[in-house]
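Engineer: Input structure: start.tsv, which contains TSV, C-alpha atoms.
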chain	number	residue	atom	x	y	z
A	242	ILE	CA	-9.38	12.18	-11.84
A	243	LEU	CA	-7.02	14.03	-9.52
A	244	LEU	CA	-6.41	10.98	-7.34
A	245	ALA	CA	-5.76	8.82	-10.41
A	246	LEU	CA	-3.24	11.33	-11.73
A	247	ALA	CA	-1.60	11.66	-8.31
A	248	SER	CA	-1.28	7.90	-7.68
A	249	PRO	CA	2.01	7.46	-9.65
A	250	VAL	CA	3.72	9.86	-7.22
A	251	LEU	CA	4.05	6.94	-4.78
A	252	GLY	CA	6.80	5.48	-6.97
A	253	LEU	CA	8.54	8.77	-7.74
A	254	ARG	CA	12.34	8.60	-7.62
A	255	THR	CA	14.59	11.65	-7.32
A	256	ALA	CA	18.31	12.11	-7.91
A	257	MET	CA	20.72	14.80	-8.98
A	258	PRO	CA	20.86	15.51	-12.74
A	259	SER	CA	22.99	13.21	-14.91
A	260	ILE	CA	24.90	13.89	-18.10
A	261	THR	CA	21.74	13.14	-20.09
A	262	VAL	CA	20.41	16.64	-19.29
A	263	VAL	CA	23.08	17.97	-21.67
A	264	PRO	CA	22.15	17.88	-25.38
A	265	ALA	CA	23.64	14.86	-27.17
A	266	ASP	CA	25.53	16.98	-29.71
A	267	SER	CA	27.35	19.15	-27.14
A	268	SER	CA	31.13	18.86	-26.73
A	269	SER	CA	30.87	18.30	-22.97
A	270	ARG	CA	28.72	15.20	-23.42
A	271	ALA	CA	31.00	13.88	-26.17
A	272	GLY	CA	34.02	14.36	-23.91
A	273	TYR	CA	32.21	12.67	-21.03
A	274	ALA	CA	31.50	9.62	-23.20
A	275	ALA	CA	35.12	9.54	-24.45
A	276	VAL	CA	36.49	9.55	-20.88
A	277	GLN	CA	34.19	6.69	-19.90
A	278	GLN	CA	35.10	4.67	-22.96
A	279	ALA	CA	38.82	5.09	-22.34
A	280	PHE	CA	39.05	4.84	-18.55
A	281	GLY	CA	35.83	3.22	-17.32
A	282	ALA	CA	32.25	4.18	-16.47
A	283	GLY	CA	33.13	5.59	-13.05
A	284	MET	CA	35.99	7.86	-14.13
A	285	PRO	CA	33.91	11.07	-14.36
A	286	GLY	CA	32.75	10.45	-10.78
A	287	THR	CA	36.14	9.76	-9.19
A	288	LEU	CA	35.88	9.93	-5.40
A	289	GLN	CA	38.25	12.00	-3.26
A	290	ILE	CA	39.30	10.51	0.06
A	291	LEU	CA	41.00	12.78	2.56
A	292	ALA	CA	42.84	10.97	5.35
A	293	PRO	CA	45.38	11.92	8.06
A	294	GLY	CA	48.92	11.08	6.99
A	295	ASN	CA	49.30	8.24	9.48
A	296	GLU	CA	46.08	6.62	8.23
A	297	ALA	CA	46.63	7.13	4.49
A	298	SER	CA	47.96	3.62	3.82
A	299	ALA	CA	45.14	1.98	5.77
A	300	ALA	CA	42.55	4.18	4.03
A	301	ALA	CA	43.93	3.31	0.58
A	302	ALA	CA	43.91	-0.40	1.41
A	303	ALA	CA	40.35	-0.23	2.76
A	304	ALA	CA	39.15	1.64	-0.34
A	305	GLY	CA	40.78	-0.89	-2.62
A	306	HIS	CA	38.92	-3.75	-0.93
A	307	THR	CA	35.53	-1.98	-0.92
A	308	ALA	CA	32.90	-3.42	-3.25
A	309	GLY	CA	32.07	-1.01	-6.05
A	310	ILE	CA	35.56	0.53	-6.27
A	311	ALA	CA	37.40	-0.29	-9.49
A	312	ALA	CA	40.78	1.34	-8.81
A	313	VAL	CA	42.57	3.39	-6.17
A	314	ALA	CA	45.39	5.86	-6.88
A	315	PRO	CA	48.37	6.14	-4.50
A	316	ALA	CA	48.02	8.62	-1.65
A	317	GLN	CA	49.35	12.11	-2.26
A	318	ALA	CA	50.62	14.11	0.72
A	319	ALA	CA	49.44	17.70	1.05
A	320	ALA	CA	52.04	20.24	-0.11
A	321	ASP	CA	51.24	22.66	2.74
A	322	GLY	CA	52.54	20.27	5.39
A	323	SER	CA	49.14	19.96	7.09
A	324	GLY	CA	49.55	16.21	7.42
A	325	TRP	CA	46.61	15.27	5.22
A	326	SER	CA	46.78	12.90	2.27
A	327	LEU	CA	44.52	12.73	-0.79
A	328	ILE	CA	43.46	9.38	-2.24
A	329	GLN	CA	41.46	9.14	-5.45
A	330	ALA	CA	39.16	6.13	-5.90
A	331	MET	CA	37.32	5.33	-9.12
A	332	PRO	CA	33.93	3.62	-8.73
A	333	THR	CA	32.71	0.93	-11.09
A	334	VAL	CA	29.50	2.75	-12.07
A	335	ASP	CA	28.48	6.04	-13.67
A	336	PRO	CA	28.08	8.97	-11.22
A	337	SER	CA	24.31	9.02	-11.80
A	338	ASN	CA	23.88	5.30	-11.13
A	339	PRO	CA	21.91	4.67	-7.88
A	340	ALA	CA	24.48	2.00	-6.96
A	341	LEU	CA	27.06	4.73	-6.32
A	342	GLY	CA	25.24	5.78	-3.17
A	343	ALA	CA	25.60	2.29	-1.70
A	344	THR	CA	29.30	2.29	-2.64
A	345	VAL	CA	29.89	5.60	-0.84
A	346	ASP	CA	28.02	4.34	2.24
A	347	ARG	CA	30.19	1.20	2.35
A	348	LEU	CA	33.31	3.27	1.85
A	349	ARG	CA	32.48	5.62	4.71
A	350	ALA	CA	31.73	2.66	6.97
A	351	GLU	CA	34.98	0.80	6.21
A	352	LEU	CA	37.48	3.67	6.15
A	353	PRO	CA	39.48	4.55	9.27
A	354	ALA	CA	38.26	7.23	11.65
A	355	HIS	CA	38.75	10.91	10.73
A	356	THR	CA	38.71	10.00	7.02
A	357	MET	CA	36.43	12.07	4.77
A	358	VAL	CA	34.94	11.13	1.39
A	359	GLY	CA	34.14	13.83	-1.14
A	360	GLY	CA	34.25	14.78	-4.78
A	361	ALA	CA	31.61	16.09	-7.18
A	362	ALA	CA	29.61	12.85	-7.25
A	363	VAL	CA	29.54	12.59	-3.44
A	364	GLU	CA	28.58	16.24	-3.19
A	365	ASN	CA	25.52	15.48	-5.32
A	366	LEU	CA	24.65	12.46	-3.18
A	367	ASP	CA	24.91	14.45	0.05
A	368	LEU	CA	22.87	17.29	-1.42
A	369	GLN	CA	20.20	14.82	-2.53
A	370	SER	CA	20.08	13.32	0.97
A	371	ALA	CA	19.69	16.77	2.51
A	372	LEU	CA	16.90	17.71	0.08
A	373	THR	CA	15.07	14.43	0.70
A	374	ALA	CA	15.31	14.87	4.46
A	375	LYS	CA	14.04	18.46	4.38
A	376	THR	CA	11.24	18.04	1.82
A	377	PRO	CA	8.57	17.01	4.39
A	378	LEU	CA	9.54	20.00	6.55
A	379	VAL	CA	9.28	22.38	3.59
A	380	ILE	CA	5.88	20.99	2.59
A	381	GLY	CA	4.62	21.25	6.16
A	382	VAL	CA	5.83	24.85	6.61
A	383	VAL	CA	4.42	26.01	3.26
A	384	MET	CA	1.02	24.42	3.88
A	385	SER	CA	0.87	25.72	7.44
A	386	LEU	CA	1.67	29.28	6.37
A	387	GLY	CA	-0.90	29.03	3.58
A	388	PHE	CA	-3.57	27.84	5.99
A	389	LEU	CA	-2.76	30.59	8.53
A	390	LEU	CA	-2.91	33.23	5.80
A	391	LEU	CA	-6.34	32.07	4.64
A	392	LEU	CA	-7.53	31.72	8.23
A	393	ALA	CA	-6.52	35.27	9.09
A	394	ALA	CA	-8.07	36.67	5.92
A	395	LEU	CA	-11.32	34.70	5.92
A	396	ARG	CA	-11.95	34.02	9.63
A	397	ALA	CA	-13.37	30.68	8.46
A	398	PRO	CA	-11.36	27.60	9.55
A	399	LEU	CA	-13.18	25.04	7.37
A	400	ALA	CA	-12.99	27.17	4.23
A	401	ALA	CA	-9.30	27.85	4.85
A	402	LEU	CA	-8.62	24.14	5.43
A	403	ALA	CA	-10.50	23.15	2.26
A	404	GLY	CA	-8.54	25.67	0.20
A	405	THR	CA	-5.21	24.47	1.61
A	406	LEU	CA	-5.82	20.73	1.21
A	407	ALA	CA	-7.25	21.16	-2.28
A	408	SER	CA	-3.94	22.70	-3.38
A	409	LEU	CA	-2.21	19.50	-2.34
A	410	LEU	CA	-4.26	17.55	-4.90
A	411	SER	CA	-3.08	19.59	-7.88
A	412	THR	CA	0.52	19.32	-6.69
A	413	GLY	CA	0.28	15.56	-6.30
A	414	ALA	CA	-1.36	15.18	-9.71
A	415	ALA	CA	1.36	17.28	-11.36
A	416	PHE	CA	4.13	15.18	-9.83
A	417	GLY	CA	2.27	12.00	-10.75
A	418	VAL	CA	2.20	13.10	-14.39
A	419	SER	CA	5.87	14.12	-14.18
A	420	ARG	CA	6.79	10.62	-13.04
A	421	LEU	CA	5.06	9.07	-16.05
A	422	ILE	CA	6.83	11.47	-18.42
A	423	PHE	CA	10.31	12.05	-16.99
A	424	GLN	CA	10.89	8.89	-14.95
A	425	GLU	CA	9.08	6.32	-17.09
A	426	GLY	CA	9.80	8.12	-20.37
A	427	HIS	CA	6.24	8.29	-21.77
A	428	GLY	CA	6.22	11.02	-24.42
A	429	ALA	CA	10.00	11.43	-24.33
A	430	ASN	CA	10.27	11.26	-28.11
A	431	LEU	CA	7.53	13.85	-28.50
A	432	LEU	CA	9.25	16.30	-26.15
A	433	GLY	CA	12.73	15.44	-27.43
A	434	PHE	CA	14.63	14.21	-24.37
A	435	THR	CA	16.20	11.07	-22.91
A	436	SER	CA	14.67	9.86	-19.65
A	437	GLN	CA	17.05	9.77	-16.68
A	438	GLY	CA	14.88	7.25	-14.86
A	439	PHE	CA	14.20	9.79	-12.10
A	440	LEU	CA	13.14	13.37	-11.44
A	441	ASP	CA	15.79	15.95	-10.59
A	442	GLY	CA	16.40	16.00	-6.85
A	443	TRP	CA	15.65	19.70	-6.38
A	444	ALA	CA	12.30	19.47	-8.17
A	445	PRO	CA	9.98	18.44	-5.28
A	446	VAL	CA	11.02	21.29	-2.97
A	447	PHE	CA	11.30	23.95	-5.65
A	448	PHE	CA	8.21	23.10	-7.66
A	449	PHE	CA	6.00	22.40	-4.64
A	450	ALA	CA	6.65	25.89	-3.30
A	451	MET	CA	5.98	27.47	-6.71
A	452	ILE	CA	2.81	25.44	-7.36
A	453	PHE	CA	1.43	26.17	-3.91
A	454	ALA	CA	2.15	29.90	-4.28
A	455	ILE	CA	0.36	30.04	-7.64
A	456	ALA	CA	-2.56	27.98	-6.30
A	457	MET	CA	-2.92	30.30	-3.32
A	458	ASP	CA	-3.50	33.21	-5.69
A	459	TYR	CA	-6.50	31.46	-7.23
A	460	THR	CA	-7.68	30.33	-3.81
A	461	VAL	CA	-7.65	33.87	-2.47
A	462	PHE	CA	-9.53	35.14	-5.55
A	463	LEU	CA	-12.28	32.57	-5.15
A	464	LEU	CA	-12.60	32.44	-1.37
A	465	ALA	CA	-12.40	36.22	-0.93
A	466	ALA	CA	-15.22	36.66	-3.44
A	467	ALA	CA	-17.25	33.94	-1.71
A	468	LYS	CA	-16.66	35.53	1.68
A	469	GLU	CA	-17.77	38.91	0.35
A	470	HIS	CA	-21.02	37.49	-1.03
A	471	TYR	CA	-21.65	35.55	2.17
A	472	GLU	CA	-21.24	38.70	4.27
A	473	LEU	CA	-23.69	40.51	2.00
A	474	THR	CA	-26.32	37.79	1.69
A	475	GLY	CA	-25.78	35.32	4.54
A	476	ASP	CA	-26.59	32.56	2.03
A	477	PRO	CA	-23.79	29.98	1.48
A	478	ARG	CA	-25.22	28.92	-1.88
A	479	ALA	CA	-25.39	32.51	-3.13
A	480	ALA	CA	-21.84	33.04	-1.87
A	481	VAL	CA	-20.47	30.21	-4.03
A	482	VAL	CA	-22.51	31.18	-7.10
A	483	GLY	CA	-21.50	34.82	-6.76
A	484	ALA	CA	-17.84	33.93	-6.28
A	485	LEU	CA	-17.78	31.84	-9.45
A	486	ARG	CA	-19.62	34.54	-11.39
A	487	HIS	CA	-17.18	37.27	-10.34
A	488	SER	CA	-13.85	35.43	-10.14
A	489	GLY	CA	-14.26	32.33	-12.35
A	490	ARG	CA	-13.37	34.03	-15.61
A	491	VAL	CA	-10.45	35.86	-14.03
A	492	VAL	CA	-9.03	32.64	-12.57
A	493	PHE	CA	-9.38	30.69	-15.81
A	494	ALA	CA	-8.00	33.49	-18.00
A	495	ALA	CA	-4.98	34.00	-15.75
A	496	ALA	CA	-4.39	30.24	-15.65
A	497	ALA	CA	-4.60	29.98	-19.45
A	498	VAL	CA	-1.84	32.57	-19.85
A	499	MET	CA	0.39	30.83	-17.31
A	500	VAL	CA	-0.18	27.38	-18.83
A	501	ALA	CA	0.76	28.69	-22.28
A	502	VAL	CA	3.96	30.24	-20.89
A	503	PHE	CA	4.93	27.14	-18.91
A	504	PHE	CA	4.35	24.74	-21.80
A	505	THR	CA	6.65	26.94	-23.88
A	506	PHE	CA	9.46	25.90	-21.53
A	507	ALA	CA	8.56	22.27	-22.24
A	508	LEU	CA	9.69	22.80	-25.83
A	509	SER	CA	13.18	23.99	-24.83
A	510	GLY	CA	16.33	21.93	-25.38
A	511	PRO	CA	17.74	21.19	-21.87
A	512	LEU	CA	15.85	18.82	-19.61
A	513	PRO	CA	15.44	20.96	-16.43
A	514	PRO	CA	13.35	23.64	-18.20
A	515	LYS	CA	11.23	20.87	-19.72
A	516	GLU	CA	10.53	19.51	-16.24
A	517	MET	CA	9.60	22.98	-15.02
A	518	GLY	CA	7.31	23.65	-17.97
A	519	VAL	CA	5.43	20.33	-17.79
A	520	ILE	CA	5.07	20.18	-14.00
A	521	LEU	CA	3.99	23.80	-13.54
A	522	GLY	CA	1.79	23.79	-16.65
A	523	VAL	CA	-0.07	20.63	-15.62
A	524	ALA	CA	-0.41	21.84	-12.03
A	525	VAL	CA	-1.84	25.24	-12.99
A	526	PHE	CA	-4.27	23.73	-15.51
A	527	LEU	CA	-5.59	21.15	-13.05
A	528	ASP	CA	-5.73	23.66	-10.23
A	529	ALA	CA	-7.76	26.19	-12.22
A	530	ALA	CA	-9.98	23.83	-14.21
A	531	LEU	CA	-10.76	21.10	-11.68
A	532	ILE	CA	-10.06	22.48	-8.22
A	533	ARG	CA	-10.86	26.21	-8.13
A	534	LEU	CA	-13.82	26.02	-10.53
A	535	VAL	CA	-15.26	22.61	-9.58
A	536	LEU	CA	-13.96	20.85	-6.47
A	537	LEU	CA	-13.54	23.78	-4.07
A	538	PRO	CA	-16.93	25.39	-4.88
A	539	VAL	CA	-18.62	22.00	-4.41
A	540	LEU	CA	-16.89	21.52	-1.04
A	541	LEU	CA	-18.03	24.97	0.08
A	542	ARG	CA	-21.57	24.20	-1.08
A	543	LEU	CA	-21.64	20.89	0.81
A	544	MET	CA	-20.31	22.46	4.01
A	545	GLY	CA	-22.92	25.22	3.86
A	546	ARG	CA	-22.83	27.75	6.68
A	547	ALA	CA	-20.25	25.67	8.55
A	548	ALA	CA	-17.65	26.70	5.96
A	549	TRP	CA	-17.91	30.32	7.11
A	550	THR	CA	-18.42	29.75	10.83
A	551	CYS	CA	-15.65	30.78	13.23
A	552	PRO	CA	-15.54	29.76	16.91
A	553	ARG	CA	-15.83	32.72	19.27
A	554	TRP	CA	-12.48	32.04	20.97
A	555	LEU	CA	-10.75	32.01	17.59
A	556	ALA	CA	-12.60	35.11	16.37
A	557	ARG	CA	-11.20	37.06	19.33
A	558	ILE	CA	-7.64	36.17	18.23
A	559	LEU	CA	-7.92	36.74	14.50
A	560	PRO	CA	-7.89	40.18	12.86
A	561	ASP	CA	-11.32	41.48	11.83
A	562	ILE	CA	-11.10	41.69	8.03
A	563	ARG	CA	-14.25	42.49	6.07
A	564	PHE	CA	-14.69	41.91	2.33
A	565	SER	CA	-18.18	43.31	1.86
A	566	HIS	CA	-18.50	46.93	0.75
What do you get writing this file as structure tokens?

Structural biologist:
Amino acid sequence: ILLALASPVLGLRTAMPSITVVPADSSSRAGYAAVQQAFGAGMPGTLQILAPGNEASAAAAAAGHTAGIAAVAPAQAAADGSGWSLIQAMPTVDPSNPALGATVDRLRAELPAHTMVGGAAVENLDLQSALTAKTPLVIGVVMSLGFLLLLAALRAPLAALAGTLASLLSTGAAFGVSRLIFQEGHGANLLGFTSQGFLDGWAPVFFFAMIFAIAMDYTVFLLAAAKEHYELTGDPRAAVVGALRHSGRVVFAAAAVMVAVFFTFALSGPLPPKEMGVILGVAVFLDAALIRLVLLPVLLRLMGRAAWTCPRWLARILPDIRFSH
């Protein structure tokens, strides 16, 4: 079930929010549409080109001949005498259109040296590129820290690894569901929003960290209880049964409260809170119902004593933390 829900994440697209996140009856969205109707689709995303004074004419000419640029305004010299000139170029597409990124890349490649391209739309594109580039690093750091925390607390490498990797399943499933809803638009009418065709660019980094932090709470509850029962009995089966008996209700009750709160956000007007509510709500539900109460206990049961075994060289490094009392 978890793998099936996570499979759509392979086609997940991310981008910075578009005007569709604003309610349709707001004045800002009406003004946005009026500007596009009067001046062209790319007017709200007008690009700013900053060029040295001696290259301004060449930069304006190059921008005018770049594919994807509809119009170029004459260069304006800086009033402070710094020697820079500002050129405004209007693209042919809406600022949220993926084609704008290719236009900016072509523009940067064809403009003279020392020329810079900016503006609100380009700022969003550059921010999206930075987020995309850093997402694997963030995921790796968060998972590594989570594993080290469990390893230090449990002194059980296999149990810590199982708890860490299991959290990745609930995260992947939540993002897979979010793709079906927010990228493909399934259930958009029910939730009352217009699909952007992508997930907001900040969502993977932000929501992954939040989901993993919440999942680690449940992981610590379950594995700490299992470790305590294993220290008392020495029986891996009794450890899992005892952990579920003592922490299962707590985990599920806490998850139920959080799911109810998160799904409340899904009923809000703006799109970003809807994304937060659906992604976090689905992740917490799957993590508590399928992973902490089913998958992780089964993995611990299958691994038996090996789940709680620690090599001697590693035991000498780790702090000696005992849960039995």

Engineer: Measuring atom to atom with only C-alpha atoms, identify which of A:Gly272, A:Gly381, A:Gly413, A:Pro285 is nearest to A:Val525.

Structural biologist: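 The shortest atom-to-atom distance to A:Val525 comes from A:Gly413.
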
Engineer: Find, counting all atoms listed in the file, the residue in A:Val262, A:Ile532, A:Leu348, A:Leu473 that gets nearest to A:Ala300.

Structural biologist: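 The closest residue to A:Ala300 is A:Leu348.
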
Engineer: Tell me which protein, DNA and RNA residues are within 12 Å of A:Ala400, counting all atoms listed in the file, leaving out same-chain ones fewer than 2 positions away, and put them as an MDAnalysis selection string.

Structural biologist: chainID A and resid 388:398 402:407 460:461 463:465 467:468 477 481 537:551

Engineer: If I take atom CA of A:Gly305 and atom CA of A:Tyr273, how far is one from the other in Å, to one decimal?

Structural biologist: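 Those two atoms sit 24.4 Å apart.
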
Engineer: How many Å separate atom CA of A:Val502 from atom CA of A:Val523?

Structural biologist: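 Interatomic distance, atom CA of A:Val502 to atom CA of A:Val523: 11.7 Å.
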
Engineer: Just the residues within 8 Å of A:Thr356, please, counting all atoms listed in the file, with nothing from its chain fewer than 3 positions along; format it as a list in words.

Structural biologist: Ile290, Leu291, Ala292, Pro293, Ala300, Arg349, Leu352 and Pro353 of chain A

Engineer: Give the padded box for stretch 411-420 of chain A as lines of an AutoDock Vina configuration file: axis-aligned, covering all atoms listed in the file, 6 Å on each side, centre and edge lengths in Å to one decimal.

Structural biologist:
center_x = 1.9
center_y = 15.1
center_z = -10.3
size_x = 21.9
size_y = 21.0
size_z = 20.1

Engineer: Return the single residue from A:Asp321, A:Glu296, A:Phe453, A:Thr344 that is closest to A:Ala308, with distances computed using all atoms listed in the file.

Structural biologist: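 Residue with the minimum atom-to-atom distance to A:Ala308: A:Thr344.
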
Engineer: Provide the atom CA of A:Gly442 to atom CA of A:Thr373 distance in Å, to one decimal place.

Structural biologist: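 Going from atom CA of A:Gly442 over to atom CA of A:Thr373 covers 7.8 Å.
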
Engineer: For A:Leu527, please output as a ChimeraX atom specification all residues within 10 Å (counting all atoms listed in the file; exclusion window: fewer than 3 positions along the same chain).

Structural biologist: /A:242-243,408,410-412,414-415,496,521-524,530-534

Engineer: Given all atoms listed in the file as the basis, pick out the residue of A:Gln289, A:Ser419, A:Ser337, A:Leu432 nearest to A:Gly510.

Structural biologist: A:Leu432

Engineer: Considering only C-alpha atoms, state which residue in the set A:Ala297, A:Met331, A:Arg254, A:Val491 is at the smallest distance from A:Ala282.

Structural biologist: A:Met331

Engineer: Using all atoms listed in the file, give me every residue within 9 Å of (36.2, -1.2, -3.8) in file coordinates, as an MDAnalysis selection string.

Structural biologist: chainID A and resid 303:313 330:333 344 347:348

Engineer: Counting all atoms listed in the file, figure out which residue out of A:Ala466, A:Leu512, A:Leu399, A:Ile452 gets nearest to A:Ala265.

Structural biologist: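 For A:Ala265, the nearest of the candidates is A:Leu512.
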
Engineer: Would you be able to write out as a PyMOL selection string which residues have an atom within 10 Å of (18.2, 16.8, -18.3) in the file's coordinates, counting all atoms listed in the file?

Structural biologist: chain A and resi 257-264+423+434-437+440-441+510-516

Engineer: Can you complete the atoms of stretch 519-540 of chain A to N, CA and C atoms and list them as a compact mmCIF listing (two decimals), in the coordinates of the input?

Structural biologist:
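Here's the written file part_26.txt:
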# COMPACT_ATOMS: atom_id res chain seq x y z
N VAL A 519 6.48 21.36 -17.87
CA VAL A 519 5.43 20.33 -17.79
C VAL A 519 4.80 20.32 -16.40
N ILE A 520 5.61 20.29 -15.36
CA ILE A 520 5.07 20.18 -14.00
C ILE A 520 4.22 21.40 -13.64
N LEU A 521 4.74 22.60 -13.88
CA LEU A 521 3.99 23.80 -13.54
C LEU A 521 2.77 23.97 -14.45
N GLY A 522 2.93 23.66 -15.74
CA GLY A 522 1.79 23.79 -16.65
C GLY A 522 0.65 22.86 -16.28
N VAL A 523 0.97 21.59 -16.01
CA VAL A 523 -0.07 20.63 -15.62
C VAL A 523 -0.71 21.04 -14.30
N ALA A 524 0.12 21.47 -13.35
CA ALA A 524 -0.41 21.84 -12.03
C ALA A 524 -1.37 23.02 -12.13
N VAL A 525 -0.99 24.06 -12.88
CA VAL A 525 -1.84 25.24 -12.99
C VAL A 525 -3.15 24.91 -13.72
N PHE A 526 -3.05 24.11 -14.78
CA PHE A 526 -4.27 23.73 -15.51
C PHE A 526 -5.24 22.96 -14.61
N LEU A 527 -4.73 21.94 -13.91
CA LEU A 527 -5.59 21.15 -13.05
C LEU A 527 -6.14 21.98 -11.90
N ASP A 528 -5.30 22.86 -11.37
CA ASP A 528 -5.73 23.66 -10.23
C ASP A 528 -6.86 24.61 -10.63
N ALA A 529 -6.73 25.23 -11.80
CA ALA A 529 -7.76 26.19 -12.22
C ALA A 529 -9.01 25.49 -12.73
N ALA A 530 -8.83 24.45 -13.55
CA ALA A 530 -9.98 23.83 -14.21
C ALA A 530 -10.77 22.90 -13.30
N LEU A 531 -10.07 22.12 -12.47
CA LEU A 531 -10.76 21.10 -11.68
C LEU A 531 -10.94 21.47 -10.21
N ILE A 532 -10.00 22.22 -9.66
CA ILE A 532 -10.06 22.48 -8.22
C ILE A 532 -10.78 23.79 -7.92
N ARG A 533 -10.27 24.91 -8.47
CA ARG A 533 -10.86 26.21 -8.13
C ARG A 533 -12.26 26.40 -8.72
N LEU A 534 -12.53 25.80 -9.88
CA LEU A 534 -13.82 26.02 -10.53
C LEU A 534 -14.80 24.87 -10.35
N VAL A 535 -14.36 23.74 -9.78
CA VAL A 535 -15.26 22.61 -9.58
C VAL A 535 -15.20 22.09 -8.14
N LEU A 536 -14.05 21.55 -7.75
CA LEU A 536 -13.96 20.85 -6.47
C LEU A 536 -14.17 21.78 -5.28
N LEU A 537 -13.43 22.89 -5.23
CA LEU A 537 -13.54 23.78 -4.07
C LEU A 537 -14.93 24.40 -3.94
N PRO A 538 -15.55 24.89 -5.02
CA PRO A 538 -16.93 25.39 -4.88
C PRO A 538 -17.90 24.32 -4.39
N VAL A 539 -17.73 23.08 -4.86
CA VAL A 539 -18.62 22.00 -4.41
C VAL A 539 -18.41 21.74 -2.92
N LEU A 540 -17.15 21.73 -2.47
CA LEU A 540 -16.89 21.52 -1.04
C LEU A 540 -17.53 22.63 -0.21
